[in-house]
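Trainee: So I've got this file, protein21.cif, and it contains mmCIF, C-alpha atoms, pLDDT in the B column; chains and numbers go by the auth columns:
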```cif
data_query
loop_
_atom_site.group_PDB
_atom_site.id
_atom_site.type_symbol
_atom_site.label_atom_id
_atom_site.label_comp_id
_atom_site.label_asym_id
_atom_site.label_seq_id
_atom_site.Cartn_x
_atom_site.Cartn_y
_atom_site.Cartn_z
_atom_site.B_iso_or_equiv
_atom_site.auth_seq_id
_atom_site.auth_asym_id
ATOM 1 C CA MET A 1 8.332 37.227 32.000 46.00 1 V
ATOM 2 C CA ARG A 2 6.585 34.475 33.942 45.00 2 V
ATOM 3 C CA GLN A 3 3.311 35.161 32.066 45.00 3 V
ATOM 4 C CA THR A 4 5.157 34.808 28.737 39.00 4 V
ATOM 5 C CA ALA A 5 6.613 31.448 29.800 39.00 5 V
ATOM 6 C CA ILE A 6 3.182 30.211 30.881 40.00 6 V
ATOM 7 C CA ALA A 7 1.659 31.352 27.566 40.00 7 V
ATOM 8 C CA LEU A 8 4.388 29.575 25.587 38.00 8 V
ATOM 9 C CA LEU A 9 3.870 26.404 27.634 40.00 9 V
ATOM 10 C CA ALA A 10 0.116 26.547 26.989 41.00 10 V
ATOM 11 C CA LEU A 11 0.713 26.991 23.216 41.00 11 V
ATOM 12 C CA ALA A 12 3.158 24.076 23.127 44.00 12 V
ATOM 13 C CA THR A 13 0.713 21.855 25.010 41.00 13 V
ATOM 14 C CA ALA A 14 -2.124 22.797 22.629 42.00 14 V
ATOM 15 C CA ALA A 15 0.078 22.105 19.583 45.00 15 V
ATOM 16 C CA CYS A 16 0.990 18.667 20.901 46.00 16 V
ATOM 17 C CA ALA A 17 -2.650 17.855 21.606 45.00 17 V
ATOM 18 C CA ASP A 18 -3.480 18.383 17.903 50.00 18 V
ATOM 19 C CA ARG A 19 -0.780 15.943 16.802 47.00 19 V
ATOM 20 C CA PRO A 20 -1.815 12.362 16.126 48.00 20 V
ATOM 21 C CA PRO A 21 -0.041 9.777 18.263 50.00 21 V
ATOM 22 C CA ALA A 22 3.082 8.272 16.710 51.00 22 V
ATOM 23 C CA PRO A 23 2.671 4.791 15.230 53.00 23 V
ATOM 24 C CA SER A 24 3.802 1.899 17.368 50.00 24 V
ATOM 25 C CA THR A 25 6.716 0.688 15.275 49.00 25 V
ATOM 26 C CA PRO A 26 10.184 -0.410 16.391 44.00 26 V
ATOM 27 C CA ARG A 27 11.546 2.675 14.612 46.00 27 V
ATOM 28 C CA ALA A 28 9.491 5.021 16.759 47.00 28 V
ATOM 29 C CA ALA A 29 11.410 4.010 19.888 45.00 29 V
ATOM 30 C CA ALA A 30 14.877 4.163 18.299 49.00 30 V
ATOM 31 C CA ASP A 31 14.380 7.151 16.011 61.00 31 V
ATOM 32 C CA SER A 32 11.985 9.915 16.986 82.00 32 V
ATOM 33 C CA ALA A 33 10.015 11.474 14.150 84.00 33 V
ATOM 34 C CA SER A 34 11.693 14.540 12.724 86.00 34 V
ATOM 35 C CA GLN A 35 8.431 15.575 11.105 89.00 35 V
ATOM 36 C CA VAL A 36 4.727 14.794 11.623 90.00 36 V
ATOM 37 C CA ILE A 37 2.415 15.471 8.684 91.00 37 V
ATOM 38 C CA GLN A 38 -1.363 15.417 8.641 93.00 38 V
ATOM 39 C CA GLY A 39 -2.922 14.929 5.216 94.00 39 V
ATOM 40 C CA MET A 40 0.238 13.855 3.356 93.00 40 V
ATOM 41 C CA THR A 41 0.230 13.402 -0.438 93.00 41 V
ATOM 42 C CA ARG A 42 3.268 12.284 -2.430 89.00 42 V
ATOM 43 C CA SER A 43 3.947 11.179 -6.017 90.00 43 V
ATOM 44 C CA ILE A 44 6.436 8.529 -7.151 80.00 44 V
ATOM 45 C CA THR A 45 7.877 9.107 -10.616 83.00 45 V
ATOM 46 C CA ARG A 46 10.316 7.316 -12.892 79.00 46 V
ATOM 47 C CA ASP A 47 11.876 8.859 -15.993 84.00 47 V
ATOM 48 C CA GLY A 48 9.541 11.846 -15.654 86.00 48 V
ATOM 49 C CA LEU A 49 6.343 9.754 -15.622 85.00 49 V
ATOM 50 C CA ARG A 50 4.038 9.643 -12.620 89.00 50 V
ATOM 51 C CA LEU A 51 3.822 6.016 -11.456 82.00 51 V
ATOM 52 C CA THR A 52 1.966 6.365 -8.187 86.00 52 V
ATOM 53 C CA ASP A 53 0.267 8.851 -5.901 93.00 53 V
ATOM 54 C CA ILE A 54 0.399 8.042 -2.192 93.00 54 V
ATOM 55 C CA SER A 55 -1.751 9.773 0.392 96.00 55 V
ATOM 56 C CA ALA A 56 -2.131 9.194 4.119 96.00 56 V
ATOM 57 C CA ASP A 57 -4.196 10.736 6.887 96.00 57 V
ATOM 58 C CA SER A 58 -1.000 11.042 8.948 94.00 58 V
ATOM 59 C CA ALA A 59 2.706 10.494 8.320 93.00 59 V
ATOM 60 C CA TRP A 60 5.761 10.356 10.583 93.00 60 V
ATOM 61 C CA VAL A 61 9.130 11.030 8.936 92.00 61 V
ATOM 62 C CA PHE A 62 12.045 9.240 10.633 91.00 62 V
ATOM 63 C CA SER A 63 15.101 10.924 9.112 87.00 63 V
ATOM 64 C CA ALA A 64 17.798 8.745 10.699 85.00 64 V
ATOM 65 C CA SER A 65 16.335 5.486 9.318 87.00 65 V
ATOM 66 C CA GLN A 66 14.899 7.158 6.183 90.00 66 V
ATOM 67 C CA VAL A 67 11.459 5.647 6.773 92.00 67 V
ATOM 68 C CA ILE A 68 8.057 7.309 6.607 92.00 68 V
ATOM 69 C CA ALA A 69 5.370 5.636 8.760 94.00 69 V
ATOM 70 C CA LEU A 70 1.855 6.113 7.355 95.00 70 V
ATOM 71 C CA LYS A 71 -1.638 5.821 8.803 96.00 71 V
ATOM 72 C CA THR A 72 -4.773 5.249 6.648 97.00 72 V
ATOM 73 C CA VAL A 73 -3.018 4.929 3.290 97.00 73 V
ATOM 74 C CA ARG A 74 -4.320 5.216 -0.283 97.00 74 V
ATOM 75 C CA MET A 75 -2.160 4.524 -3.361 93.00 75 V
ATOM 76 C CA THR A 76 -3.190 5.136 -6.961 94.00 76 V
ATOM 77 C CA PHE A 77 -1.180 3.587 -9.818 89.00 77 V
ATOM 78 C CA PHE A 78 -1.125 5.277 -13.251 90.00 78 V
ATOM 79 C CA ASP A 79 -0.236 4.067 -16.752 87.00 79 V
ATOM 80 C CA ASP A 80 1.962 5.959 -19.255 85.00 80 V
ATOM 81 C CA ARG A 81 -1.024 8.077 -20.387 88.00 81 V
ATOM 82 C CA GLY A 82 -2.004 9.048 -16.833 87.00 82 V
ATOM 83 C CA ALA A 83 -5.040 6.729 -16.608 90.00 83 V
ATOM 84 C CA VAL A 84 -5.663 4.929 -13.302 92.00 84 V
ATOM 85 C CA ARG A 85 -4.389 1.322 -13.338 89.00 85 V
ATOM 86 C CA SER A 86 -5.434 0.391 -9.791 90.00 86 V
ATOM 87 C CA THR A 87 -6.065 1.795 -6.332 94.00 87 V
ATOM 88 C CA VAL A 88 -4.850 0.299 -3.040 94.00 88 V
ATOM 89 C CA THR A 89 -6.028 1.194 0.476 97.00 89 V
ATOM 90 C CA ALA A 90 -4.647 0.033 3.839 97.00 90 V
ATOM 91 C CA ASP A 91 -4.763 0.823 7.552 97.00 91 V
ATOM 92 C CA SER A 92 -1.037 1.617 7.778 97.00 92 V
ATOM 93 C CA GLY A 93 2.243 1.503 5.906 96.00 93 V
ATOM 94 C CA GLU A 94 5.958 2.240 5.817 95.00 94 V
ATOM 95 C CA GLN A 95 7.789 3.851 2.936 92.00 95 V
ATOM 96 C CA HIS A 96 11.479 2.902 2.889 92.00 96 V
ATOM 97 C CA GLU A 97 13.380 5.671 1.111 87.00 97 V
ATOM 98 C CA VAL A 98 16.638 3.750 0.571 88.00 98 V
ATOM 99 C CA SER A 99 15.177 0.523 -0.883 89.00 99 V
ATOM 100 C CA GLY A 100 12.206 2.141 -2.638 84.00 100 V
ATOM 101 C CA LEU A 101 9.796 -0.328 -0.988 91.00 101 V
ATOM 102 C CA LEU A 102 6.381 0.626 0.334 92.00 102 V
ATOM 103 C CA GLU A 103 4.870 -1.886 2.774 95.00 103 V
ATOM 104 C CA LEU A 104 1.159 -1.743 3.541 96.00 104 V
ATOM 105 C CA ARG A 105 -0.549 -3.565 6.427 96.00 105 V
ATOM 106 C CA GLY A 106 -4.058 -4.138 7.731 97.00 106 V
ATOM 107 C CA ASN A 107 -7.170 -4.481 5.573 97.00 107 V
ATOM 108 C CA VAL A 108 -5.250 -4.026 2.317 96.00 108 V
ATOM 109 C CA VAL A 109 -7.628 -3.823 -0.670 96.00 109 V
ATOM 110 C CA ALA A 110 -6.462 -3.356 -4.279 92.00 110 V
ATOM 111 C CA ILE A 111 -9.026 -2.595 -7.011 92.00 111 V
ATOM 112 C CA THR A 112 -8.701 -2.063 -10.765 90.00 112 V
ATOM 113 C CA PRO A 113 -11.113 0.458 -12.331 90.00 113 V
ATOM 114 C CA GLY A 114 -14.008 -0.201 -14.680 88.00 114 V
ATOM 115 C CA THR A 115 -16.865 -2.652 -15.056 88.00 115 V
ATOM 116 C CA ASP A 116 -14.423 -5.580 -15.154 85.00 116 V
ATOM 117 C CA ALA A 117 -12.875 -4.592 -11.803 89.00 117 V
ATOM 118 C CA LYS A 118 -10.522 -7.026 -10.098 87.00 118 V
ATOM 119 C CA ILE A 119 -10.367 -6.949 -6.298 91.00 119 V
ATOM 120 C CA LEU A 120 -7.517 -8.336 -4.197 91.00 120 V
ATOM 121 C CA LYS A 121 -7.593 -8.456 -0.378 95.00 121 V
ATOM 122 C CA THR A 122 -4.703 -9.270 1.958 95.00 122 V
ATOM 123 C CA GLU A 123 -3.193 -8.158 5.270 97.00 123 V
ATOM 124 C CA HIS A 124 0.292 -7.296 3.923 96.00 124 V
ATOM 125 C CA LEU A 125 1.350 -5.920 0.551 94.00 125 V
ATOM 126 C CA ILE A 126 4.710 -4.662 -0.737 95.00 126 V
ATOM 127 C CA PHE A 127 5.167 -2.271 -3.673 90.00 127 V
ATOM 128 C CA ASP A 128 8.657 -2.398 -5.206 90.00 128 V
ATOM 129 C CA LYS A 129 9.176 0.877 -7.091 82.00 129 V
ATOM 130 C CA SER A 130 12.257 -0.275 -9.034 83.00 130 V
ATOM 131 C CA ALA A 131 10.487 -3.383 -10.417 86.00 131 V
ATOM 132 C CA ASN A 132 7.018 -1.723 -10.588 82.00 132 V
ATOM 133 C CA LEU A 133 5.760 -4.887 -8.881 89.00 133 V
ATOM 134 C CA ILE A 134 3.201 -5.608 -6.154 89.00 134 V
ATOM 135 C CA ARG A 135 3.804 -8.685 -4.008 92.00 135 V
ATOM 136 C CA SER A 136 2.874 -10.292 -0.736 92.00 136 V
ATOM 137 C CA ASP A 137 4.104 -13.132 1.443 91.00 137 V
ATOM 138 C CA THR A 138 0.689 -13.276 3.132 92.00 138 V
ATOM 139 C CA ALA A 139 -2.518 -15.123 2.242 94.00 139 V
ATOM 140 C CA TYR A 140 -4.861 -13.271 -0.113 93.00 140 V
ATOM 141 C CA SER A 141 -8.256 -13.521 -1.795 93.00 141 V
ATOM 142 C CA PHE A 142 -9.013 -12.386 -5.340 87.00 142 V
ATOM 143 C CA THR A 143 -12.272 -11.749 -7.208 89.00 143 V
ATOM 144 C CA SER A 144 -12.795 -10.757 -10.829 85.00 144 V
ATOM 145 C CA PRO A 145 -15.398 -11.189 -13.555 86.00 145 V
ATOM 146 C CA SER A 146 -13.503 -14.266 -14.777 82.00 146 V
ATOM 147 C CA GLY A 147 -13.093 -16.013 -11.418 83.00 147 V
ATOM 148 C CA ASN A 148 -12.441 -16.059 -7.709 87.00 148 V
ATOM 149 C CA GLY A 149 -9.495 -17.414 -5.826 86.00 149 V
ATOM 150 C CA SER A 150 -7.108 -17.315 -2.936 90.00 150 V
ATOM 151 C CA GLY A 151 -3.555 -18.353 -2.211 91.00 151 V
ATOM 152 C CA GLN A 152 -0.618 -18.219 0.166 92.00 152 V
ATOM 153 C CA SER A 153 1.302 -15.421 -1.600 91.00 153 V
ATOM 154 C CA PHE A 154 1.457 -13.581 -4.937 90.00 154 V
ATOM 155 C CA GLU A 155 3.215 -11.096 -7.156 92.00 155 V
ATOM 156 C CA THR A 156 1.714 -8.999 -9.928 87.00 156 V
ATOM 157 C CA ASP A 157 1.981 -5.798 -11.906 84.00 157 V
ATOM 158 C CA PRO A 158 -0.297 -2.905 -10.834 80.00 158 V
ATOM 159 C CA ASP A 159 -2.790 -3.918 -13.591 75.00 159 V
ATOM 160 C CA PHE A 160 -3.081 -7.523 -12.310 76.00 160 V
ATOM 161 C CA ARG A 161 -2.308 -8.751 -15.850 77.00 161 V
ATOM 162 C CA ARG A 162 0.764 -10.819 -14.987 82.00 162 V
ATOM 163 C CA PHE A 163 -0.439 -12.475 -11.794 79.00 163 V
ATOM 164 C CA ARG A 164 1.684 -15.207 -10.211 85.00 164 V
ATOM 165 C CA SER A 165 0.368 -17.096 -7.182 82.00 165 V
ATOM 166 C CA TRP A 166 1.712 -19.702 -4.786 87.00 166 V
ATOM 167 C CA GLN A 167 -0.662 -22.450 -3.605 85.00 167 V
ATOM 168 C CA PRO A 168 -3.662 -20.999 -5.488 79.00 168 V
ATOM 169 C CA LYS A 169 -7.245 -22.211 -4.994 80.00 169 V
ATOM 170 C CA GLY A 170 -10.419 -21.160 -6.790 77.00 170 V
ATOM 171 C CA TYR A 171 -12.444 -21.129 -10.010 67.00 171 V
ATOM 172 C CA GLN A 172 -12.073 -19.535 -13.380 66.00 172 V
ATOM 173 C CA LYS A 173 -15.592 -18.867 -14.657 66.00 173 V
ATOM 174 C CA GLY A 174 -16.639 -20.164 -18.051 59.00 174 V
ATOM 175 C CA GLN A 175 -13.456 -22.134 -18.586 52.00 175 V
ATOM 176 C CA GLY A 176 -14.604 -25.399 -16.984 43.00 176 V
ATOM 177 C CA PHE A 177 -11.430 -26.171 -15.053 42.00 177 V
ATOM 178 C CA PRO A 178 -10.613 -25.638 -11.391 44.00 178 V
ATOM 179 C CA LEU A 179 -7.348 -24.102 -10.298 44.00 179 V
ATOM 180 C CA PRO A 180 -5.059 -26.414 -8.280 45.00 180 V
ATOM 181 C CA GLY A 181 -6.467 -27.084 -4.836 47.00 181 V
ATOM 182 C CA GLY A 182 -9.961 -25.791 -5.680 47.00 182 V
ATOM 183 C CA PRO A 183 -13.228 -27.735 -5.756 47.00 183 V
ATOM 184 C CA LYS A 184 -14.209 -29.546 -8.988 45.00 184 V
ATOM 185 C CA GLY A 185 -16.582 -27.993 -11.541 41.00 185 V
ATOM 186 C CA THR A 186 -17.496 -24.411 -12.339 38.00 186 V
ATOM 187 C CA PRO A 187 -19.624 -22.029 -10.287 39.00 187 V
#
```
As structure tokens, please, write out the structure in this file.
Mentor:
Amino acid sequence: MRQTAIALLALATAACADRPPAPSTPRAAADSASQVIQGMTRSITRDGLRLTDISADSAWVFSASQVIALKTVRMTFFDDRGAVRSTVTADSGEQHEVSGLLELRGNVVAITPGTDAKILKTEHLIFDKSANLIRSDTAYSFTSPSGNGSGQSFETDPDFRRFRSWQPKGYQKGQGFPLPGGPKGTP
């Protein structure tokens, strides 16, 4: 009997050693993870269409607060035909089940596909599923074939076609006019 208990203890210790450490979020202290997932992949759909695929190296599901904490996150946005609209990577994130918000933090990089790729970099990004909108209240930088810029905050669709910025600075190439706050002339 004692040997069985020791064997079970050894197995439990080995299983815990394979688990990644829980993220250091306020939720982790108040609500212990009901599930730990390595290599998580999840799709977000609306009206039967796949909007987004989300993958993470590790995920912690906090059932009481209905939050999923993510580590090393990658999101891919799709159009109505299933073509990739943009891809976003980040160090960590939190998916809020009730509100439908996905918050990404740390080295957030969003890229549109193709030869005319647009690249946005920030430290904090929020995806609002219900509005199909990406936004941030944090400074960002933006590069594209038509110009470069930065600003204090932004909101956009996943294609970066309807881009709205607060306190923007930068150039629009070939157009001959600087954006507000940017240096005079064209690059």
Trainee: Taking 6 positions as the minimum chain separation for residues in the same chain, which residues sit within 6 Å of V:Phe78 when counting only C-alpha atoms? Answer as a list in words.
Mentor: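 Residues meeting the cut-off are Leu51, Val84 and Arg85 of chain V.
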Trainee: Report as number ranges by chain all protein, DNA and RNA residues lying within 7 Å of V:Thr89, evaluated on only C-alpha atoms, omitting residues in the same chain fewer than 6 positions from it.
Mentor: V: 73-75, 108-110
Trainee: Grab the residues selected above and save them as a PDB file, keeping the file's coordinate frame with C-alpha atoms.
Mentor:
```pdb
ATOM      1  CA  VAL V  73      -3.018   4.929   3.290  1.00 97.00           C
ATOM      2  CA  ARG V  74      -4.320   5.216  -0.283  1.00 97.00           C
ATOM      3  CA  MET V  75      -2.160   4.524  -3.361  1.00 93.00           C
ATOM      4  CA  VAL V 108      -5.250  -4.026   2.317  1.00 96.00           C
ATOM      5  CA  VAL V 109      -7.628  -3.823  -0.670  1.00 96.00           C
ATOM      6  CA  ALA V 110      -6.462  -3.356  -4.279  1.00 92.00           C
TER       7      ALA V 110
END
```
Trainee: Hey, can I get the axis-aligned box for stretch 104-121 of chain V? All listed atoms, 3 Å padding on each side, centre and edge lengths in Å to one decimal, as lines of an AutoDock Vina configuration file.
Mentor:
```
center_x = -7.9
center_y = -4.0
center_z = -3.7
size_x = 24.0
size_y = 14.9
size_z = 28.9
```
Trainee: So that each row is one residue of stretch 124-155 of chain V with an atom at most 9 Å from stretch 111-116 of chain V, can you give its shortest atom pair and the distance in Å to one decimal, using only C-alpha atoms, rows by chain and rising number, as a Markdown table?
Mentor:
```
| residue | atom | partner | partner_atom | distance |
| --- | --- | --- | --- | --- |
| V:Ser144 | CA | V:Asp116 | CA | 6.9 |
| V:Pro145 | CA | V:Asp116 | CA | 5.9 |
| V:Ser146 | CA | V:Asp116 | CA | 8.7 |
```
Trainee: Can you list, as a ChimeraX atom specification, every protein, DNA or RNA residue that comes within 12 Å of V:His124 when you count all atoms listed in the file, leaving out same-chain residues fewer than 3 positions away?
Mentor: /V:88-94,102-110,120-121,127,134-140,152-154
Trainee: Record the distance separating atom CA of V:Gly151 and atom CA of V:Asn132, expressed in Å with one decimal.
Mentor: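 Separating atom CA of V:Gly151 from atom CA of V:Asn132 is a distance of 21.4 Å.
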Trainee: Suppose you want the space between atom CA of V:Gln95 and atom CA of V:Asp79; what is it in Å?
Mentor: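 Rounded to one decimal, the two atoms are 21.3 Å apart.
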Trainee: Given the file above and the PyMOL selection byres ((chain V and resi 130) around 9), which residues are selected, and can you give them as an mmCIF file with C-alpha atoms, in the coordinates of the input?
Mentor:
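To be explicit, this is the file written out as result.cif:
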```cif
data_model
loop_
_atom_site.group_PDB
_atom_site.id
_atom_site.type_symbol
_atom_site.label_atom_id
_atom_site.label_comp_id
_atom_site.auth_asym_id
_atom_site.auth_seq_id
_atom_site.Cartn_x
_atom_site.Cartn_y
_atom_site.Cartn_z
ATOM 1 C CA ARG V 46 10.316 7.316 -12.892
ATOM 2 C CA SER V 99 15.177 0.523 -0.883
ATOM 3 C CA GLY V 100 12.206 2.141 -2.638
ATOM 4 C CA LEU V 101 9.796 -0.328 -0.988
ATOM 5 C CA ASP V 128 8.657 -2.398 -5.206
ATOM 6 C CA LYS V 129 9.176 0.877 -7.091
ATOM 7 C CA ALA V 131 10.487 -3.383 -10.417
ATOM 8 C CA ASN V 132 7.018 -1.723 -10.588
ATOM 9 C CA LEU V 133 5.760 -4.887 -8.881
#
```
Trainee: To one decimal in Å, tell me the separation between atom CA of V:His96 and atom CA of V:Ile44.
Mentor: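 These two atoms are separated by 12.6 Å.
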Trainee: Rebuild stretch 148-167 of chain V to N, CA and C atoms - output it as a PDB file, in the frame of the given file, please.
Mentor:
```
ATOM      1  N   ASN V 148     -12.751 -16.380  -9.095  1.00 87.00           N
ATOM      2  CA  ASN V 148     -12.441 -16.059  -7.709  1.00 87.00           C
ATOM      3  C   ASN V 148     -11.343 -17.000  -7.240  1.00 87.00           C
ATOM      4  N   GLY V 149     -10.544 -16.534  -6.309  1.00 86.00           N
ATOM      5  CA  GLY V 149      -9.495 -17.414  -5.826  1.00 86.00           C
ATOM      6  C   GLY V 149      -8.848 -16.892  -4.568  1.00 86.00           C
ATOM      7  N   SER V 150      -7.897 -17.676  -4.109  1.00 90.00           N
ATOM      8  CA  SER V 150      -7.108 -17.315  -2.936  1.00 90.00           C
ATOM      9  C   SER V 150      -5.772 -18.034  -3.062  1.00 90.00           C
ATOM     10  N   GLY V 151      -4.854 -17.704  -2.196  1.00 91.00           N
ATOM     11  CA  GLY V 151      -3.555 -18.353  -2.211  1.00 91.00           C
ATOM     12  C   GLY V 151      -2.710 -17.929  -1.022  1.00 91.00           C
ATOM     13  N   GLN V 152      -1.522 -18.505  -0.947  1.00 92.00           N
ATOM     14  CA  GLN V 152      -0.618 -18.219   0.166  1.00 92.00           C
ATOM     15  C   GLN V 152       0.201 -16.956  -0.049  1.00 92.00           C
ATOM     16  N   SER V 153       0.537 -16.623  -1.294  1.00 91.00           N
ATOM     17  CA  SER V 153       1.302 -15.421  -1.600  1.00 91.00           C
ATOM     18  C   SER V 153       1.165 -15.145  -3.087  1.00 91.00           C
ATOM     19  N   PHE V 154       1.596 -13.952  -3.529  1.00 90.00           N
ATOM     20  CA  PHE V 154       1.457 -13.581  -4.937  1.00 90.00           C
ATOM     21  C   PHE V 154       2.448 -12.497  -5.305  1.00 90.00           C
ATOM     22  N   GLU V 155       2.569 -12.285  -6.625  1.00 92.00           N
ATOM     23  CA  GLU V 155       3.215 -11.096  -7.156  1.00 92.00           C
ATOM     24  C   GLU V 155       2.517 -10.744  -8.461  1.00 92.00           C
ATOM     25  N   THR V 156       2.432  -9.452  -8.748  1.00 87.00           N
ATOM     26  CA  THR V 156       1.714  -8.999  -9.928  1.00 87.00           C
ATOM     27  C   THR V 156       2.166  -7.600 -10.308  1.00 87.00           C
ATOM     28  N   ASP V 157       1.802  -7.188 -11.506  1.00 84.00           N
ATOM     29  CA  ASP V 157       1.981  -5.798 -11.906  1.00 84.00           C
ATOM     30  C   ASP V 157       0.777  -5.013 -11.372  1.00 84.00           C
ATOM     31  N   PRO V 158       0.823  -3.680 -11.359  1.00 80.00           N
ATOM     32  CA  PRO V 158      -0.297  -2.905 -10.834  1.00 80.00           C
ATOM     33  C   PRO V 158      -1.617  -3.091 -11.597  1.00 80.00           C
ATOM     34  N   ASP V 159      -1.569  -3.655 -12.810  1.00 75.00           N
ATOM     35  CA  ASP V 159      -2.790  -3.918 -13.591  1.00 75.00           C
ATOM     36  C   ASP V 159      -3.384  -5.295 -13.305  1.00 75.00           C
ATOM     37  N   PHE V 160      -2.689  -6.135 -12.570  1.00 76.00           N
ATOM     38  CA  PHE V 160      -3.081  -7.523 -12.310  1.00 76.00           C
ATOM     39  C   PHE V 160      -3.113  -8.346 -13.600  1.00 76.00           C
ATOM     40  N   ARG V 161      -2.327  -7.995 -14.589  1.00 77.00           N
ATOM     41  CA  ARG V 161      -2.308  -8.751 -15.850  1.00 77.00           C
ATOM     42  C   ARG V 161      -1.347  -9.929 -15.785  1.00 77.00           C
ATOM     43  N   ARG V 162      -0.218  -9.733 -15.151  1.00 82.00           N
ATOM     44  CA  ARG V 162       0.764 -10.819 -14.987  1.00 82.00           C
ATOM     45  C   ARG V 162       0.734 -11.232 -13.521  1.00 82.00           C
ATOM     46  N   PHE V 163      -0.208 -12.081 -13.184  1.00 79.00           N
ATOM     47  CA  PHE V 163      -0.439 -12.475 -11.794  1.00 79.00           C
ATOM     48  C   PHE V 163       0.164 -13.845 -11.553  1.00 79.00           C
ATOM     49  N   ARG V 164       1.038 -13.942 -10.574  1.00 85.00           N
ATOM     50  CA  ARG V 164       1.684 -15.207 -10.211  1.00 85.00           C
ATOM     51  C   ARG V 164       1.325 -15.518  -8.759  1.00 85.00           C
ATOM     52  N   SER V 165       0.847 -16.726  -8.502  1.00 82.00           N
ATOM     53  CA  SER V 165       0.368 -17.096  -7.182  1.00 82.00           C
ATOM     54  C   SER V 165       1.035 -18.377  -6.699  1.00 82.00           C
ATOM     55  N   TRP V 166       1.204 -18.486  -5.398  1.00 87.00           N
ATOM     56  CA  TRP V 166       1.712 -19.702  -4.786  1.00 87.00           C
ATOM     57  C   TRP V 166       0.572 -20.352  -4.012  1.00 87.00           C
ATOM     58  N   GLN V 167       0.401 -21.647  -4.201  1.00 85.00           N
ATOM     59  CA  GLN V 167      -0.662 -22.450  -3.605  1.00 85.00           C
ATOM     60  C   GLN V 167      -2.044 -21.843  -3.875  1.00 85.00           C
TER      61      GLN V 167
END
```
